[in-house]
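So the structure is just underneath, and the comments pick up after that.
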Amino acid sequence: MDLLTFTTNFADQFEETEISAFTPNTNYKELEEWSSLIALSIIAMIDEEYDVSIKGDDIRSAETIEDLFTIVKNRK
Amino acid sequence: MENNPFSLKNKRILITGASSGIGRAIAVECSKMGACVIITGRNEERLKATILEIGDDKVQYIIANFAKDDDVLALCNKIEDLDGLVNCAGLTKVLPFNFAKPSDFKEVMDVNFFAPAELTRLLLKAGKIRKKGSIVFISSISGVLCSAPAASIYSSSKGAVNGLVKGMALDLAPKGIRVNCVNPGMITTDIFSDGKIMQEQLKEDMKRYPLKRYGKPEEVAYSVIYLLSDASSWVTGSNLIIDGGYTLL
Ligand SMILES: NC(=O)c1ccc[n+]([C@@H]2O[C@H](COP(=O)([O-])OP(=O)(O)OC[C@H]3O[C@@H](n4cnc5c(N)ncnc54)[C@H](OP(=O)(O)O)[C@@H]3O)[C@@H](O)[C@H]2O)c1
């Protein structure tokens, strides 16, 4: 699993936010476009791409994209 | 109470999904109204918990997994004549439409739509639903009046149930069998127990209900009692919306 690809996959779930806004350190819940639907898309993307089921609570407890990456990596 | 039109005395009623949430409440409340209930679900322990709540260990329970065609047939074979059938078993799959593959639709449609349709057909064909019987489907407001983010799969299944009920109501009218739908808004049960939707989100959502809370399983059960009883003897093909006013806004 690779952090940069994960970050790109993460960014793909957004429509309007500039791609430059996404780095491993991005605090994603502070992005203006963040919504419950995007949260569900991230969960679905992680299931599809990494075959890992995460929960809403994981999205909540992680702050940055890298935090979430670490959660997913540890469950692989 | 003498002459209570809502009484279910002497009525034999099969309830699917009776091991949890709404189905369990329907089994408990129908039995309080005098019905002889037969309950089904996948999980034996939870079915037994329903029987404990009913407080009558003579209640018949039958284990069946609606994801398996054979189980639906076997269930039908174990059933004797019925006055009522409540199709309540169901599940949801929260997935944004972009991720919703045919296999995801199938998983939900099998249990929410195909199994209850086939179970009902088999029971009718075997002559196991008496004249003047009542069939109730637990649909939803979702897919009929509204939807929710990432609910396209679930909404499709409930929309399909709604159409099925209307067609069935016409086709079964000559037999004097009535078919109706109950369409609840959010009811506090285990349906979102997979944790994809966060508790905070649900709390926020609750505020959008004019009556300021989610419904309770028994509040759906009471409407089912009405539709199973002789009080609704001229009601068929209808939707009974139970949503705390949600779809008014
Ligand atoms: N809760 C709501 O907000 C809400 C709103 C509108 C409509 N509804 C509808 O109400 C019905 C009951 O939902 P609920 O909220 O009470 O959910 P629940 O607590 O999760 O109960 C679901 C029931 O369906 C059964 N079931 C699920 N998959 C099955 C399968 N493959 N084979 C046989 N039985 C199966 C379960 O049996 P096991 O115990 O054996 O797993 C359980 O008895 C569903 O049709 C749902 O769509 C719910």
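Every chain in the structure tokens has a letter given in the order shown (A, B, ...), and although residue numbers restart at 1 in each chain, ligands are simply numbered from 1 in the order shown.
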* Contact residues (chain B, partner chain A, 6 Å, only C-alpha atoms) as a PyMOL selection string -> chain B and resi 96+149+195-198
Check every protein, DNA and RNA residue against ligand 1, keep those with an atom at most 7 Å away (counting only C-alpha atoms and all ligand atoms), and present them as a CSV table (one decimal) with N, CA and C atoms, in the first residue's frame.
```csv
chain,number,residue,atom,x,y,z
B,16,THR,N,-42.2,-12.4,9.2
B,16,THR,CA,-40.7,-12.6,8.8
B,16,THR,C,-39.9,-11.5,9.5
B,17,GLY,N,-38.6,-11.7,9.6
B,17,GLY,CA,-37.8,-10.7,10.2
B,17,GLY,C,-38.2,-10.5,11.7
B,18,ALA,N,-38.7,-11.5,12.3
B,18,ALA,CA,-39.3,-11.4,13.7
B,18,ALA,C,-38.2,-11.5,14.8
B,19,SER,N,-37.0,-11.7,14.4
B,19,SER,CA,-35.9,-11.9,15.4
B,19,SER,C,-35.3,-10.5,15.8
B,20,SER,N,-35.8,-9.4,15.3
B,20,SER,CA,-35.1,-8.2,15.6
B,20,SER,C,-36.1,-7.0,15.3
B,21,GLY,N,-35.8,-5.9,15.9
B,21,GLY,CA,-36.4,-4.6,15.6
B,21,GLY,C,-37.9,-4.6,15.4
B,22,ILE,N,-38.2,-4.1,14.2
B,22,ILE,CA,-39.7,-3.9,13.9
B,22,ILE,C,-40.4,-5.2,13.8
B,23,GLY,N,-39.8,-6.3,13.2
B,23,GLY,CA,-40.5,-7.5,13.1
B,23,GLY,C,-40.8,-8.1,14.5
B,41,GLY,N,-36.8,-16.0,11.0
B,41,GLY,CA,-35.6,-15.2,10.9
B,41,GLY,C,-34.4,-16.2,10.7
B,42,ARG,N,-33.2,-15.6,10.6
B,42,ARG,CA,-32.1,-16.5,10.4
B,42,ARG,C,-31.5,-17.0,11.8
B,43,ASN,N,-31.6,-16.1,12.8
B,43,ASN,CA,-30.8,-16.3,14.0
B,43,ASN,C,-31.7,-16.9,15.1
B,46,ARG,N,-31.9,-15.1,18.6
B,46,ARG,CA,-32.7,-13.8,18.6
B,46,ARG,C,-34.2,-14.2,18.4
B,64,ALA,N,-35.0,-19.5,8.7
B,64,ALA,CA,-34.9,-19.5,7.2
B,64,ALA,C,-34.0,-18.3,6.8
B,65,ASN,N,-33.1,-18.6,5.8
B,65,ASN,CA,-32.3,-17.5,5.3
B,65,ASN,C,-32.8,-17.1,3.9
B,66,PHE,N,-33.3,-15.9,3.8
B,66,PHE,CA,-34.0,-15.5,2.6
B,66,PHE,C,-33.0,-15.2,1.4
B,67,ALA,N,-31.7,-15.4,1.7
B,67,ALA,CA,-30.7,-15.3,0.6
B,67,ALA,C,-30.7,-16.6,-0.1
B,88,CYS,N,-41.5,-8.6,6.7
B,88,CYS,CA,-40.8,-7.6,7.4
B,88,CYS,C,-39.3,-7.8,7.2
B,89,ALA,N,-38.8,-9.0,7.0
B,89,ALA,CA,-37.3,-9.2,6.9
B,89,ALA,C,-36.7,-8.2,5.9
B,90,GLY,N,-35.6,-7.7,6.2
B,90,GLY,CA,-35.0,-6.8,5.2
B,90,GLY,C,-33.7,-6.3,5.7
B,91,LEU,N,-32.9,-5.7,4.8
B,91,LEU,CA,-31.6,-5.2,5.1
B,91,LEU,C,-31.3,-4.0,4.3
B,92,THR,N,-30.3,-3.2,4.6
B,92,THR,CA,-29.9,-2.1,3.8
B,92,THR,C,-28.4,-2.2,3.5
B,111,VAL,N,-33.3,-10.3,-0.6
B,111,VAL,CA,-34.0,-10.4,0.7
B,111,VAL,C,-35.2,-9.5,0.8
B,112,ASN,N,-35.0,-8.3,0.3
B,112,ASN,CA,-36.1,-7.3,0.4
B,112,ASN,C,-37.2,-7.4,-0.6
B,138,ILE,N,-43.5,-4.5,4.9
B,138,ILE,CA,-42.9,-3.3,5.5
B,138,ILE,C,-42.0,-2.7,4.4
B,139,SER,N,-42.4,-1.7,3.8
B,139,SER,CA,-41.6,-0.9,2.8
B,139,SER,C,-40.9,0.2,3.6
B,140,SER,N,-40.9,1.4,3.1
B,140,SER,CA,-40.2,2.5,3.7
B,140,SER,C,-40.7,3.8,3.1
B,141,ILE,N,-40.4,4.9,3.7
B,141,ILE,CA,-40.6,6.2,2.9
B,141,ILE,C,-39.5,6.3,1.8
B,183,ASN,N,-45.1,2.3,5.4
B,183,ASN,CA,-43.9,3.0,5.0
B,183,ASN,C,-43.3,3.8,6.2
B,184,PRO,N,-42.5,3.2,6.9
B,184,PRO,CA,-41.9,4.0,8.1
B,184,PRO,C,-40.8,4.9,7.7
B,185,GLY,N,-40.6,6.0,8.4
B,185,GLY,CA,-39.4,6.8,8.4
B,185,GLY,C,-38.4,6.1,9.3
B,186,MET,N,-37.4,6.8,9.8
B,186,MET,CA,-36.4,6.1,10.7
B,186,MET,C,-36.9,5.6,12.0
B,187,ILE,N,-36.7,4.3,12.2
B,187,ILE,CA,-37.1,3.7,13.5
B,187,ILE,C,-35.8,3.2,14.2
B,188,THR,N,-35.8,3.4,15.5
B,188,THR,CA,-34.6,3.0,16.2
B,188,THR,C,-34.6,1.4,16.3
B,189,THR,N,-33.6,0.8,15.5
B,189,THR,CA,-33.4,-0.6,15.5
B,189,THR,C,-31.9,-0.9,15.2
B,190,ASP,N,-31.6,-2.1,14.9
B,190,ASP,CA,-30.2,-2.5,14.6
B,190,ASP,C,-29.9,-2.3,13.1
B,191,ILE,N,-30.8,-1.7,12.3
B,191,ILE,CA,-30.6,-1.8,10.9
B,191,ILE,C,-29.3,-1.1,10.4
```
* **alpha helix (DSSP H) residues, from DSSP on the backbone, in range 23-75 of chain A, as a VMD selection string** => chain A and resid 36 to 50 56 to 61 65 to 75
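Relative to CA of Met33 in chain B, CA of Asn77 in chain B is found at 26.5 Å.
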Using only C-alpha atoms, determine which residues lie at most 9 Å from range 117-128 of chain B, disregarding the query and same-chain residues fewer than 6 positions distant; provide the list as an mmCIF file with N, CA and C atoms, in the first residue's frame.
```
data_model
loop_
_atom_site.group_PDB
_atom_site.id
_atom_site.type_symbol
_atom_site.label_atom_id
_atom_site.label_comp_id
_atom_site.auth_asym_id
_atom_site.auth_seq_id
_atom_site.Cartn_x
_atom_site.Cartn_y
_atom_site.Cartn_z
ATOM 1 N N ASP B 69 -32.931 -19.682 -1.931
ATOM 2 C CA ASP B 69 -34.243 -20.046 -2.479
ATOM 3 C C ASP B 69 -34.833 -21.272 -1.770
ATOM 4 N N VAL B 72 -36.672 -20.536 1.398
ATOM 5 C CA VAL B 72 -37.981 -19.907 1.224
ATOM 6 C C VAL B 72 -39.030 -20.997 0.982
ATOM 7 N N LEU B 73 -38.676 -21.956 0.142
ATOM 8 C CA LEU B 73 -39.587 -23.065 -0.154
ATOM 9 C C LEU B 73 -39.834 -23.913 1.101
ATOM 10 N N LEU B 75 -39.609 -23.017 4.142
ATOM 11 C CA LEU B 75 -40.435 -22.256 5.089
ATOM 12 C C LEU B 75 -41.904 -22.410 4.729
ATOM 13 N N CYS B 76 -42.208 -22.224 3.451
ATOM 14 C CA CYS B 76 -43.596 -22.339 2.999
ATOM 15 C C CYS B 76 -44.150 -23.720 3.347
ATOM 16 N N ASN B 77 -43.336 -24.748 3.142
ATOM 17 C CA ASN B 77 -43.805 -26.108 3.399
ATOM 18 C C ASN B 77 -44.133 -26.365 4.869
ATOM 19 N N ILE B 79 -45.488 -24.213 6.892
ATOM 20 C CA ILE B 79 -46.556 -23.332 7.365
ATOM 21 C C ILE B 79 -47.930 -23.951 7.112
ATOM 22 N N GLU B 80 -48.803 -23.825 8.117
ATOM 23 C CA GLU B 80 -50.205 -24.202 7.890
ATOM 24 C C GLU B 80 -51.032 -22.947 7.616
ATOM 25 N N ASP B 81 -52.311 -23.124 7.396
ATOM 26 C CA ASP B 81 -53.156 -22.007 6.969
ATOM 27 C C ASP B 81 -52.978 -20.722 7.776
ATOM 28 N N LEU B 82 -52.955 -19.633 7.060
ATOM 29 C CA LEU B 82 -52.721 -18.321 7.680
ATOM 30 C C LEU B 82 -53.870 -17.361 7.404
ATOM 31 N N ASP B 83 -54.081 -16.438 8.345
ATOM 32 C CA ASP B 83 -54.996 -15.316 8.108
ATOM 33 C C ASP B 83 -54.201 -14.061 7.772
ATOM 34 N N LEU B 85 -50.036 -12.371 6.883
ATOM 35 C CA LEU B 85 -48.610 -12.530 6.586
ATOM 36 C C LEU B 85 -47.986 -11.151 6.654
ATOM 37 N N ASN B 87 -44.503 -9.365 5.811
ATOM 38 C CA ASN B 87 -43.184 -9.459 5.202
ATOM 39 C C ASN B 87 -42.324 -8.314 5.724
ATOM 40 N N ILE B 135 -52.236 -9.337 3.825
ATOM 41 C CA ILE B 135 -50.783 -9.412 3.650
ATOM 42 C C ILE B 135 -50.228 -8.004 3.809
ATOM 43 N N VAL B 161 -40.971 -3.019 -3.909
ATOM 44 C CA VAL B 161 -41.974 -3.607 -3.017
ATOM 45 C C VAL B 161 -43.293 -2.844 -3.150
ATOM 46 N N LEU B 164 -45.033 -3.838 -6.258
ATOM 47 C CA LEU B 164 -45.504 -5.211 -6.106
ATOM 48 C C LEU B 164 -46.828 -5.243 -5.341
#
```
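In this comparison, which uses only C-alpha atoms, the residue of B:Phe6, B:Trp234, B:Phe114, B:Tyr209 approaching Lys132 in chain B most closely is B:Trp234.
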* Could you tell me how far CA of Ser152 in chain B lies from CA of Leu95 in chain B, in Å and to one decimal? => 7.7 Å
* **Who sits within 7 Å of range 62-70 of chain A, only C-alpha atoms, same chain under 4 positions skipped, as a list in words** =>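 My reading of the contact set: Leu3, Phe6, Thr7, Pro24, Asn25, Thr26, Asn27, Tyr28, Asp58 and Asn74 of chain A.
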* How many Å separate CA of Ile26 in chain B from CA of Ala221 in chain B? ->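 Taking CA of Ile26 in chain B as the start and CA of Ala221 in chain B as the end point, the length is 4.5 Å.
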* Asked: Can you list every residue in range 24-125 of chain B that DSSP puts in strand (DSSP E or B), as a PyMOL selection string?
  -> chain B and resi 36-41+60-63+82-87
